[in-house]
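What follows is one structure encoded as structure tokens, with my remarks underneath.
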Amino acid sequence: MLGPKYDHISVEKDKYETWKKKGLFQSGDKDKIPYTIVIPPPNVTGRLHLGHAWDTALQDIMIRYKRMCGFDALWVPGMDHAGIATQAKVDKKLREEGIDPRSMSREEWTKKAWEWKNEYAHTIYSQWGKLGLSLDYSKERFTLDEGLSRAVRKVFVDLYNEGLIYRGERIINWDPLAMTALSNEEVIYKEVEGAFYHIKYFLKESSEFLEVATTRPETLFGDTAVAVNPRDERYQKYIGKTVILPLVNKEIPIVGDDHADPEFGTGVVKITPAHDPNDYEVGLRHNLPKIVVMHPNGTMNEQAGVYEGLDRFECRKKVVEDLENQNLLICIEKMTHSVGHSERTDVLVEPYLSKQWFVKMRPLADAVLENQKKKESKVNFLPSRYEKIMNHWMEITYDWCISRQLWWGHRIPAWYKNGEVYVGMNPPSGEGWVQDEDVLDTWFSSALWPFSTLGWPEQTEDLKRYYPTNVLVTGYDIIPFWVNRMTFQGLHFTHQRPFEYCLIHGLIRDAKGRKMSKSLGNGVDPMDVIDSYGADALRYYLATSTALGTDLRYEEEKVKSTWNFINKIWNASRFVLMNTENLSNIKLENLNESDEWILTRLEETIKNVRKFMDRYEFQNVGTLLYDFIWDDFCDSYIEMAKFNIEKENTQSTLRFVLKCILKMLHPFMPYVTDEIYHEITDEEITISNYPEYDKKLIFHQSEEKISDMLEFVSIFRNIKQENNIGKDFSVFLNSEIPNLALKLLKIEEKTTDQKEGTEYPVIYKSFKVAIYYKKEETEEEKRLKEKQIVSLKTSIERREKLLANESYVKKAPTHLVEEERKKLAEEQEKLASLL
């Protein structure tokens with residue numbers, strides 16, 4: 001029997017391991033229709049965040065629902081190796097142990113990284129368990145396991161052989177702290193204070209100079225030209241001449257190029273091809289040298305001369321100081337501008353000339369854009385507006401830098417020997433070959449997740465059965481990183497979309513609408529929430545509190561309210577179980593009107609809940625379930641059932657409705673529903689049949705009749721409350737009132753033929769009664785009443801005199817006279833009620 005109080009800790013303890021041991025989450029029933037969900041794999045750097053709890057709660061709701069609807073539901077668990085983030089964490093731990101990570105060999109360091117992975121994987125397993133995720137652990141994958149690694153090598157080699165992967169020297173985003181290249185999606189732009197430094201670039205052998213404004217004077221050592229617009233009449237005469245590079249005293253050309261905007265700044269720009277993507281393109285057009293002036297760690301190299309070894313920002317200060325001392329600095333113009341920061345380390349990203357590996361994106365993106373025009377094969381976004389984000393990205397895409405200067409990840413399957421490059425699934429034969437030191441961008445392997453986890457490139461039974469998958473759930477912020485890349489890789493290598501639907505949720509913000517971050521200290525650990533309120537409360541809150549695609553403001557009070565809702569369900573279940581313990585079988589026969597009313601409400605709820613579940617509109621599902629359970633079942637039907645509780649029809653109805661409620665709630669609240677359900681039956685709720693709409697249990701006449709009666713009861717109670725009517729009242733029946741209504745209102749003994757006291761009419765449709773109550777007045781109330789009587793008498797006397805004046809009545813506008821008469825009647829009626 002359920003305990004007298006709902007305790008989420010005892011309810012959830014050890015239940016998850018029991019489910020796993022029973023094999024309740026396993027897929028593979030070939031007699032059922034397959035249904036597959038793609039899980040966004042968490043990285044192995046630590047604890048799951050609230051956004052991931054939102055992701056997985058939504059997915060678990062869907063997979064549990066489909067499993068109960070009779071599908072062969074597959075949800076593959078897995079984790080992402082998270083190259084940059086994991087390497088940073090491992091390096092930090094090693095330094096704390098007094099070990100310099102770069103003093104280790106690659107093999108030694110990688111061994112430590114795998115130890116880290118294994119340790120934190122257990123943390124994630126534990127967190128998945130606390131959340132109650134019904135994952136098929138027999139198919140668990142990791143992005144660095146052998147099967148997925150083979151898939152990654154296959155994709156790289158095939159794209160290389162197709163000319164869609166190449167190695168080249170380009171300006172890339174460089175993280176000086178992690179010392180690795182980044183893709184454009186891994187760069188976060190922030191508004192920071194900066195300045196335009198206006199510098200004199202003197203023409204050769206002349207006192208004349210060009211004024212150049214730059215935000216990065218520390219890069220001037222890499223200047224190989226200055227540019228002016230060839231149509232700018234101010235500077236046309238200088239094209240082809242040279243200037244002396246400040247501090248360096250090196251001669252560099254003045255070139256004419258459209259990159260120089262006559263309307264921006266001075267119209268003269270310094271060209272640093274190795275440290276700016278636009279300057280790089282100018283350099284190509286004018287065959288300019290490309291001079292790298294920094295080391296990978298962000299310190300100045302030998303090209304900076306006396307500034308060698310200085311950090312880039314220290315160098316900036318020193319350069320500005322020296323320019324000023326040499327009268328080469330015109331002015332400093334303070335301003336705020338948007339500057340790229342590394343998503344992982346938060347340092348300012350450095351545009352950097354480097355030899356890297358790239359994916360040629362245009363053909364792959366065009367294939368996606370073409371496929372999105374085909375209704376039968378496109379990826380369908382929910383809400384649909386988010387498709388524009390993917391399409392826009394595909395339209396403006398640029399080649400993807402996929403190499404990373406790390407040790408943790410998939411090592412690039414390329415080998416070098418005497419200028420020759422070999423790319424293949426396995427190392428080349430022969431001596432002297434050296435493998436590329438770099439690894440692939442983490443998103444390169446994550447992009448293959450929907451099909452690589454099912455055994456691709458082998459044509460496995462799982463791949464044939466479960467691919468393409470049915471749905472992906474993720475936040476809108478990850479569309480460029482992951483959704484887009486899964487889409488073009490899936491289309492290219494399987495010739496099918498990776499998933500039919502892409503379900504988009506928003507971001508979780510704090511109660512003030514701010515993004516959660518360490519700097520603000522407003523983050524919320526989902527495991528702490530579970531400790532306080534339970535997984536069921538957190539899951540239900542996350543899934544039902546906002547519409548698809550919109551941000552969620554986290555409010556602890558609302559989680560607490562959900563806990564109260566579960567407590568309400570617990571208490572209602574105890575009532576049902578205690579009063580139906582002798583019921584052997586559910587028989588919906590000889591039903592009374594209240595039984596038929598709740599069954600009708602139940603079936604309408606089932607029909608609408610299934611409709612919204614199939615549309616993934618969980619907010620609407622939450623509203624329907626809450627209203628039905630709290631208002632219809634707990635507050636209405638259980639109260640009515642108490643007057644007929646000994647009857648088999650009412651006991652059967654209570655048990656039947658409770659079972660349906662538990663099944664509809666189970667995808668949202670797996671723990672508490674499992675606990676209660678096992679008090680009713682030995683059947684496992686996880687694999688039970690989801691309730692189906694049964695029109696035979698619709699009783700329109702009883703539903704309307706009981707609904708009207710309950711509305712009347714509600715109005716009666718409201719009038720009592722609003723008028724502070726105490727216990728000593730009587731009720732005069734002006735119409736026939738059902739005995740059930742009298743019992744609910746507890747007024748069977750209060751009906752009377754006497755009309756004593758103040759009358760309070762209660763009328764709803766055919767229900768008509770009057771409450772009579774002699775209210776004991778306080779001294780203050782008596783004083784106010786006397787004051788009101790005096791005021792009314794004075795006003796009535798004035799109006800009567802006015803209306804008795806024939807001259808006024810004849811001459812005054814008719815509407816004013818009528819208004820006076822109306823007010824007089826109202827005041828007379830009010831006075832009569834007070835006397």
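By order in the structure tokens, chains are A, B, ...; within a chain, residues start at 1; ligands start at 1, following the order shown.
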Contacts of range 656-660 of chain A within 8 Å, only C-alpha atoms, excl. fewer than 6 positions in-chain, as a PDB file with all heavy atoms, in the first residue's frame:
ATOM      1  N   SER A 573      -4.593   8.620  -5.470  1.00  0.00           N
ATOM      2  CA  SER A 573      -4.347   7.195  -5.699  1.00  0.00           C
ATOM      3  C   SER A 573      -4.534   6.392  -4.417  1.00  0.00           C
ATOM      4  O   SER A 573      -5.083   5.281  -4.437  1.00  0.00           O
ATOM      5  CB  SER A 573      -2.932   6.986  -6.255  1.00  0.00           C
ATOM      6  OG  SER A 573      -2.756   7.673  -7.473  1.00  0.00           O
ATOM      7  N   VAL A 576      -8.196   5.868  -3.912  1.00  0.00           N
ATOM      8  CA  VAL A 576      -8.743   4.843  -4.809  1.00  0.00           C
ATOM      9  C   VAL A 576      -8.331   3.453  -4.341  1.00  0.00           C
ATOM     10  O   VAL A 576      -9.167   2.529  -4.250  1.00  0.00           O
ATOM     11  CB  VAL A 576      -8.287   5.092  -6.259  1.00  0.00           C
ATOM     12  CG1 VAL A 576      -8.726   3.936  -7.158  1.00  0.00           C
ATOM     13  CG2 VAL A 576      -8.836   6.418  -6.782  1.00  0.00           C
ATOM     14  N   ILE A 586     -12.439  -5.048 -12.985  1.00  0.00           N
ATOM     15  CA  ILE A 586     -13.080  -3.790 -13.381  1.00  0.00           C
ATOM     16  C   ILE A 586     -14.253  -4.111 -14.303  1.00  0.00           C
ATOM     17  O   ILE A 586     -14.078  -4.720 -15.361  1.00  0.00           O
ATOM     18  CB  ILE A 586     -12.076  -2.864 -14.090  1.00  0.00           C
ATOM     19  CG1 ILE A 586     -10.991  -2.425 -13.116  1.00  0.00           C
ATOM     20  CG2 ILE A 586     -12.795  -1.651 -14.689  1.00  0.00           C
ATOM     21  CD1 ILE A 586      -9.891  -1.592 -13.739  1.00  0.00           C
ATOM     22  N   LEU A 599     -16.118   9.277 -17.115  1.00  0.00           N
ATOM     23  CA  LEU A 599     -15.660   8.453 -18.241  1.00  0.00           C
ATOM     24  C   LEU A 599     -15.686   9.244 -19.538  1.00  0.00           C
ATOM     25  O   LEU A 599     -14.776   9.130 -20.381  1.00  0.00           O
ATOM     26  CB  LEU A 599     -16.511   7.191 -18.362  1.00  0.00           C
ATOM     27  CG  LEU A 599     -16.307   6.151 -17.249  1.00  0.00           C
ATOM     28  CD1 LEU A 599     -17.354   5.047 -17.344  1.00  0.00           C
ATOM     29  CD2 LEU A 599     -14.897   5.554 -17.298  1.00  0.00           C
ATOM     30  N   LEU A 602     -12.828  11.584 -19.427  1.00  0.00           N
ATOM     31  CA  LEU A 602     -11.603  10.811 -19.636  1.00  0.00           C
ATOM     32  C   LEU A 602     -11.368  10.545 -21.113  1.00  0.00           C
ATOM     33  O   LEU A 602     -10.260  10.759 -21.629  1.00  0.00           O
ATOM     34  CB  LEU A 602     -11.678   9.490 -18.872  1.00  0.00           C
ATOM     35  CG  LEU A 602     -10.553   8.488 -19.164  1.00  0.00           C
ATOM     36  CD1 LEU A 602      -9.218   9.005 -18.664  1.00  0.00           C
ATOM     37  CD2 LEU A 602     -10.869   7.121 -18.548  1.00  0.00           C
ATOM     38  N   TYR A 677       1.246   2.229 -10.083  1.00  0.00           N
ATOM     39  CA  TYR A 677       0.690   1.214 -10.980  1.00  0.00           C
ATOM     40  C   TYR A 677       0.921  -0.191 -10.440  1.00  0.00           C
ATOM     41  O   TYR A 677       0.072  -1.077 -10.573  1.00  0.00           O
ATOM     42  CB  TYR A 677       1.313   1.366 -12.365  1.00  0.00           C
ATOM     43  CG  TYR A 677       0.536   0.703 -13.476  1.00  0.00           C
ATOM     44  CD1 TYR A 677      -0.626   1.278 -13.986  1.00  0.00           C
ATOM     45  CD2 TYR A 677       0.981  -0.495 -14.042  1.00  0.00           C
ATOM     46  CE1 TYR A 677      -1.326   0.688 -15.019  1.00  0.00           C
ATOM     47  CE2 TYR A 677       0.276  -1.092 -15.075  1.00  0.00           C
ATOM     48  CZ  TYR A 677      -0.874  -0.503 -15.560  1.00  0.00           C
ATOM     49  OH  TYR A 677      -1.577  -1.091 -16.587  1.00  0.00           O
ATOM     50  N   TYR A 690      -0.894   2.171 -24.188  1.00  0.00           N
ATOM     51  CA  TYR A 690      -1.339   3.537 -23.935  1.00  0.00           C
ATOM     52  C   TYR A 690      -2.853   3.616 -24.147  1.00  0.00           C
ATOM     53  O   TYR A 690      -3.393   2.969 -25.047  1.00  0.00           O
ATOM     54  CB  TYR A 690      -0.631   4.495 -24.886  1.00  0.00           C
ATOM     55  CG  TYR A 690      -0.647   5.936 -24.439  1.00  0.00           C
ATOM     56  CD1 TYR A 690       0.291   6.417 -23.536  1.00  0.00           C
ATOM     57  CD2 TYR A 690      -1.601   6.825 -24.919  1.00  0.00           C
ATOM     58  CE1 TYR A 690       0.291   7.739 -23.120  1.00  0.00           C
ATOM     59  CE2 TYR A 690      -1.620   8.149 -24.511  1.00  0.00           C
ATOM     60  CZ  TYR A 690      -0.670   8.605 -23.612  1.00  0.00           C
ATOM     61  OH  TYR A 690      -0.685   9.912 -23.192  1.00  0.00           O
ATOM     62  N   PRO A 691      -3.585   4.378 -23.333  1.00  0.00           N
ATOM     63  CA  PRO A 691      -5.048   4.455 -23.478  1.00  0.00           C
ATOM     64  C   PRO A 691      -5.471   4.891 -24.881  1.00  0.00           C
ATOM     65  O   PRO A 691      -4.852   5.771 -25.480  1.00  0.00           O
ATOM     66  CB  PRO A 691      -5.445   5.511 -22.443  1.00  0.00           C
ATOM     67  CG  PRO A 691      -4.344   5.501 -21.443  1.00  0.00           C
ATOM     68  CD  PRO A 691      -3.097   5.194 -22.214  1.00  0.00           C
TER      69      PRO A 691
END
I need the helix (DSSP H, G or I) residues of range 431-537 of chain A per DSSP on the backbone, written as a PyMOL selection string.
chain A and resi 442-446+449-452+461-466+476-494+526-533+535-537
Could you give me, as a CSV table (one decimal) with N, CA and C atoms, in the first residue's frame, the residues within 6 Å of range 68-81 of chain A, counting only C-alpha atoms and dropping anything in the same chain fewer than 5 positions from it?
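What follows is the written file around_15.csv:
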chain,number,residue,atom,x,y,z
A,27,SER,N,15.1,-2.6,-27.5
A,27,SER,CA,14.3,-2.6,-28.8
A,27,SER,C,14.6,-4.0,-29.5
A,29,ASP,N,11.9,-5.8,-31.3
A,29,ASP,CA,10.7,-6.6,-31.6
A,29,ASP,C,10.3,-6.4,-33.1
A,32,LYS,N,6.8,-5.3,-34.6
A,32,LYS,CA,6.3,-4.0,-34.4
A,32,LYS,C,7.0,-3.0,-35.4
A,33,ILE,N,6.3,-1.9,-35.6
A,33,ILE,CA,6.8,-0.8,-36.4
A,33,ILE,C,8.0,-0.1,-35.7
A,34,PRO,N,9.2,0.1,-36.4
A,34,PRO,CA,10.3,0.7,-35.7
A,34,PRO,C,10.1,2.2,-35.5
A,35,TYR,N,10.6,2.7,-34.4
A,35,TYR,CA,10.6,4.2,-34.2
A,35,TYR,C,11.9,4.5,-33.5
A,36,THR,N,12.6,5.5,-34.0
A,36,THR,CA,14.0,5.8,-33.5
A,36,THR,C,14.1,7.3,-33.2
A,37,ILE,N,14.7,7.5,-32.1
A,37,ILE,CA,15.0,8.9,-31.7
A,37,ILE,C,16.5,9.1,-31.6
A,41,PRO,N,24.3,13.5,-28.0
A,41,PRO,CA,25.2,12.9,-27.0
A,41,PRO,C,25.9,13.9,-26.1
A,42,PRO,N,25.8,13.7,-24.8
A,42,PRO,CA,26.5,14.7,-23.9
A,42,PRO,C,28.0,14.4,-24.0
A,43,ASN,N,28.8,15.5,-23.8
A,43,ASN,CA,30.3,15.3,-23.8
A,43,ASN,C,30.7,14.7,-22.4
A,135,LEU,N,16.8,4.3,-22.1
A,135,LEU,CA,17.8,4.1,-23.1
A,135,LEU,C,18.0,2.6,-23.3
A,136,ASP,N,18.3,2.2,-24.6
A,136,ASP,CA,18.6,0.8,-24.9
A,136,ASP,C,20.2,0.7,-24.7
A,139,LYS,N,22.9,-1.0,-27.0
A,139,LYS,CA,23.4,-0.4,-28.2
A,139,LYS,C,24.2,0.9,-28.0
A,140,GLU,N,24.7,1.0,-26.8
A,140,GLU,CA,25.4,2.2,-26.4
A,140,GLU,C,26.6,2.5,-27.3
A,141,ARG,N,26.9,3.8,-27.7
A,141,ARG,CA,28.0,4.1,-28.5
A,141,ARG,C,28.8,5.3,-27.9
A,142,PHE,N,30.1,5.4,-28.4
A,142,PHE,CA,30.9,6.6,-28.0
A,142,PHE,C,31.6,7.0,-29.3
A,143,THR,N,31.7,8.3,-29.5
A,143,THR,CA,32.2,8.8,-30.8
A,143,THR,C,33.7,8.3,-31.1
A,687,ILE,N,5.7,-1.0,-20.5
A,687,ILE,CA,5.4,-1.7,-21.8
A,687,ILE,C,3.9,-2.0,-21.8
A,688,SER,N,3.1,-1.3,-21.0
A,688,SER,CA,1.6,-1.5,-21.1
A,688,SER,C,1.1,-0.7,-22.3
A,689,ASN,N,-0.2,-0.9,-22.6
A,689,ASN,CA,-0.8,-0.2,-23.8
A,689,ASN,C,-1.3,1.2,-23.4
A,690,TYR,N,-0.9,2.2,-24.2
A,690,TYR,CA,-1.3,3.5,-23.9
A,690,TYR,C,-2.9,3.6,-24.1
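Restricting the calculation to only C-alpha atoms, the smallest distance between Phe221 in chain A and any of A:Asn301, A:Glu233, A:Leu203, A:Glu321 is found for A:Asn301.
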Set the distance at 12 Å and use only C-alpha atoms: which residues neighbour range 105-111 of chain A once local chain neighbours fewer than 5 positions away are removed? I'd like the list as a ChimeraX atom specification.
/A:83,86-87,90-91,93-94,99-100,116-118,144,406-411,437-438
Please produce an output containing N, CA and C atoms for each residue in the selection, written as a CSV table (one decimal), in the first residue's frame.
chain,number,residue,atom,x,y,z
A,83,GLY,N,36.3,17.2,-28.2
A,83,GLY,CA,37.8,17.3,-28.3
A,83,GLY,C,38.4,18.5,-27.5
A,86,THR,N,37.3,18.5,-23.6
A,86,THR,CA,37.9,17.4,-22.8
A,86,THR,C,39.4,17.6,-22.6
A,87,GLN,N,40.1,18.0,-23.7
A,87,GLN,CA,41.5,18.1,-23.6
A,87,GLN,C,41.9,19.2,-22.6
A,90,VAL,N,41.4,17.7,-19.1
A,90,VAL,CA,42.5,16.7,-18.8
A,90,VAL,C,43.8,17.5,-18.5
A,91,ASP,N,44.1,18.5,-19.3
A,91,ASP,CA,45.3,19.3,-19.1
A,91,ASP,C,45.3,20.0,-17.7
A,93,LYS,N,43.7,19.0,-15.0
A,93,LYS,CA,43.9,18.0,-14.0
A,93,LYS,C,45.3,17.6,-13.9
A,94,LEU,N,46.0,17.5,-15.0
A,94,LEU,CA,47.4,17.1,-15.0
A,94,LEU,C,48.3,18.2,-14.4
A,99,ILE,N,52.0,17.9,-13.3
A,99,ILE,CA,52.5,17.4,-14.6
A,99,ILE,C,52.2,18.4,-15.7
A,100,ASP,N,53.3,18.7,-16.5
A,100,ASP,CA,53.1,19.5,-17.7
A,100,ASP,C,52.6,18.6,-18.8
A,116,TRP,N,40.1,9.6,-17.8
A,116,TRP,CA,39.1,10.7,-17.5
A,116,TRP,C,37.8,10.3,-18.1
A,117,LYS,N,37.8,9.8,-19.3
A,117,LYS,CA,36.5,9.5,-20.0
A,117,LYS,C,35.7,8.4,-19.2
A,118,ASN,N,36.4,7.4,-18.8
A,118,ASN,CA,35.8,6.3,-18.0
A,118,ASN,C,35.2,6.8,-16.7
A,144,LEU,N,34.4,7.9,-30.1
A,144,LEU,CA,35.8,7.4,-30.3
A,144,LEU,C,35.8,5.9,-30.3
A,406,LEU,N,45.0,19.2,-31.7
A,406,LEU,CA,44.7,18.5,-30.4
A,406,LEU,C,45.2,17.1,-30.5
A,407,TRP,N,45.2,16.4,-29.3
A,407,TRP,CA,45.5,15.0,-29.3
A,407,TRP,C,44.3,14.1,-29.0
A,408,TRP,N,43.2,14.7,-28.5
A,408,TRP,CA,42.0,14.0,-28.2
A,408,TRP,C,41.0,14.1,-29.3
A,409,GLY,N,40.8,13.0,-30.0
A,409,GLY,CA,39.9,13.0,-31.2
A,409,GLY,C,40.3,12.0,-32.2
A,410,HIS,N,39.6,12.1,-33.3
A,410,HIS,CA,39.9,11.2,-34.5
A,410,HIS,C,41.1,11.7,-35.2
A,411,ARG,N,42.2,11.0,-35.2
A,411,ARG,CA,43.4,11.5,-35.9
A,411,ARG,C,43.2,11.5,-37.4
A,437,GLU,N,49.5,15.0,-37.5
A,437,GLU,CA,49.4,15.1,-36.0
A,437,GLU,C,48.0,15.6,-35.6
A,438,ASP,N,47.3,16.2,-36.5
A,438,ASP,CA,46.0,16.9,-36.1
A,438,ASP,C,44.9,15.8,-36.0
Need to verify the contact set: Val713 in chain A, 9 Å, only C-alpha atoms, exclusion of same-chain residues closer than 2 positions in sequence. Can you return it as a PyMOL selection string?
chain A and resi 708-711+715-718+741-742+744-745
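As for CA of Val347 in chain A and CA of Tyr189 in chain A, they are spaced 11.0 Å apart.
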Tell me which protein, DNA and RNA residues are within 6 Å of range 390-404 of chain A, counting only C-alpha atoms, leaving out same-chain ones fewer than 4 positions away, and put them as a compact mmCIF listing (two decimals) with N, CA and C atoms, in the first residue's frame.
# COMPACT_ATOMS: atom_id res chain seq x y z
N THR A 180 44.51 25.75 -31.11
CA THR A 180 43.90 24.95 -32.17
C THR A 180 43.05 25.84 -33.06
N ALA A 181 42.81 25.35 -34.27
CA ALA A 181 41.90 26.03 -35.18
C ALA A 181 40.46 25.82 -34.71
N SER A 183 36.19 26.28 -36.10
CA SER A 183 35.27 26.60 -37.19
C SER A 183 34.57 27.91 -36.86
N GLN A 356 45.57 23.92 -43.04
CA GLN A 356 44.54 23.13 -42.38
C GLN A 356 43.80 22.27 -43.41
N TRP A 357 42.97 21.36 -42.89
CA TRP A 357 42.11 20.55 -43.74
C TRP A 357 40.72 21.18 -43.77
N PHE A 358 40.10 21.17 -44.95
CA PHE A 358 38.79 21.80 -45.15
C PHE A 358 37.85 20.87 -45.90
N VAL A 359 36.55 21.01 -45.61
CA VAL A 359 35.50 20.37 -46.41
C VAL A 359 34.96 21.41 -47.38
N LYS A 360 34.92 21.03 -48.65
CA LYS A 360 34.36 21.92 -49.67
C LYS A 360 32.83 21.85 -49.57
N MET A 361 32.22 22.91 -49.05
CA MET A 361 30.82 22.85 -48.64
C MET A 361 29.80 23.09 -49.73
N ALA A 365 26.06 21.56 -49.54
CA ALA A 365 24.98 22.46 -49.13
C ALA A 365 23.90 22.55 -50.19
N ASP A 438 47.26 16.24 -36.47
CA ASP A 438 45.99 16.86 -36.08
C ASP A 438 44.87 15.84 -35.96
N VAL A 439 43.82 16.25 -35.24
CA VAL A 439 42.59 15.44 -35.16
C VAL A 439 41.46 16.21 -35.84
N LEU A 440 40.35 15.54 -36.03
CA LEU A 440 39.19 16.16 -36.70
C LEU A 440 38.32 16.91 -35.70
N ASP A 441 37.69 17.94 -36.19
CA ASP A 441 36.69 18.67 -35.41
C ASP A 441 35.69 17.67 -34.83
Which neighbours of Glu263 in chain A fall inside 12 Å, counting only C-alpha atoms, when residues of the same chain fewer than 6 positions from it are skipped, and could you give them as an mmCIF file with N, CA, C and O atoms, in the first residue's frame?
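Generated output (part_4.cif):
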data_model
loop_
_atom_site.group_PDB
_atom_site.id
_atom_site.type_symbol
_atom_site.label_atom_id
_atom_site.label_comp_id
_atom_site.auth_asym_id
_atom_site.auth_seq_id
_atom_site.Cartn_x
_atom_site.Cartn_y
_atom_site.Cartn_z
ATOM 1 N N VAL A 228 44.118 51.558 -51.103
ATOM 2 C CA VAL A 228 43.146 52.636 -51.288
ATOM 3 C C VAL A 228 42.209 52.208 -52.408
ATOM 4 O O VAL A 228 42.546 51.337 -53.229
ATOM 5 N N ASN A 229 41.035 52.805 -52.429
ATOM 6 C CA ASN A 229 40.096 52.467 -53.493
ATOM 7 C C ASN A 229 40.528 53.150 -54.784
ATOM 8 O O ASN A 229 40.803 54.361 -54.784
ATOM 9 N N ARG A 231 38.946 54.232 -57.156
ATOM 10 C CA ARG A 231 38.036 55.298 -57.585
ATOM 11 C C ARG A 231 38.015 56.469 -56.609
ATOM 12 O O ARG A 231 37.278 57.430 -56.798
ATOM 13 N N ASP A 232 38.820 56.375 -55.558
ATOM 14 C CA ASP A 232 38.894 57.451 -54.560
ATOM 15 C C ASP A 232 39.879 58.507 -55.061
ATOM 16 O O ASP A 232 41.101 58.300 -55.068
ATOM 17 N N ARG A 234 41.009 61.102 -53.850
ATOM 18 C CA ARG A 234 41.989 61.607 -52.888
ATOM 19 C C ARG A 234 43.327 60.880 -52.985
ATOM 20 O O ARG A 234 44.381 61.441 -52.701
#
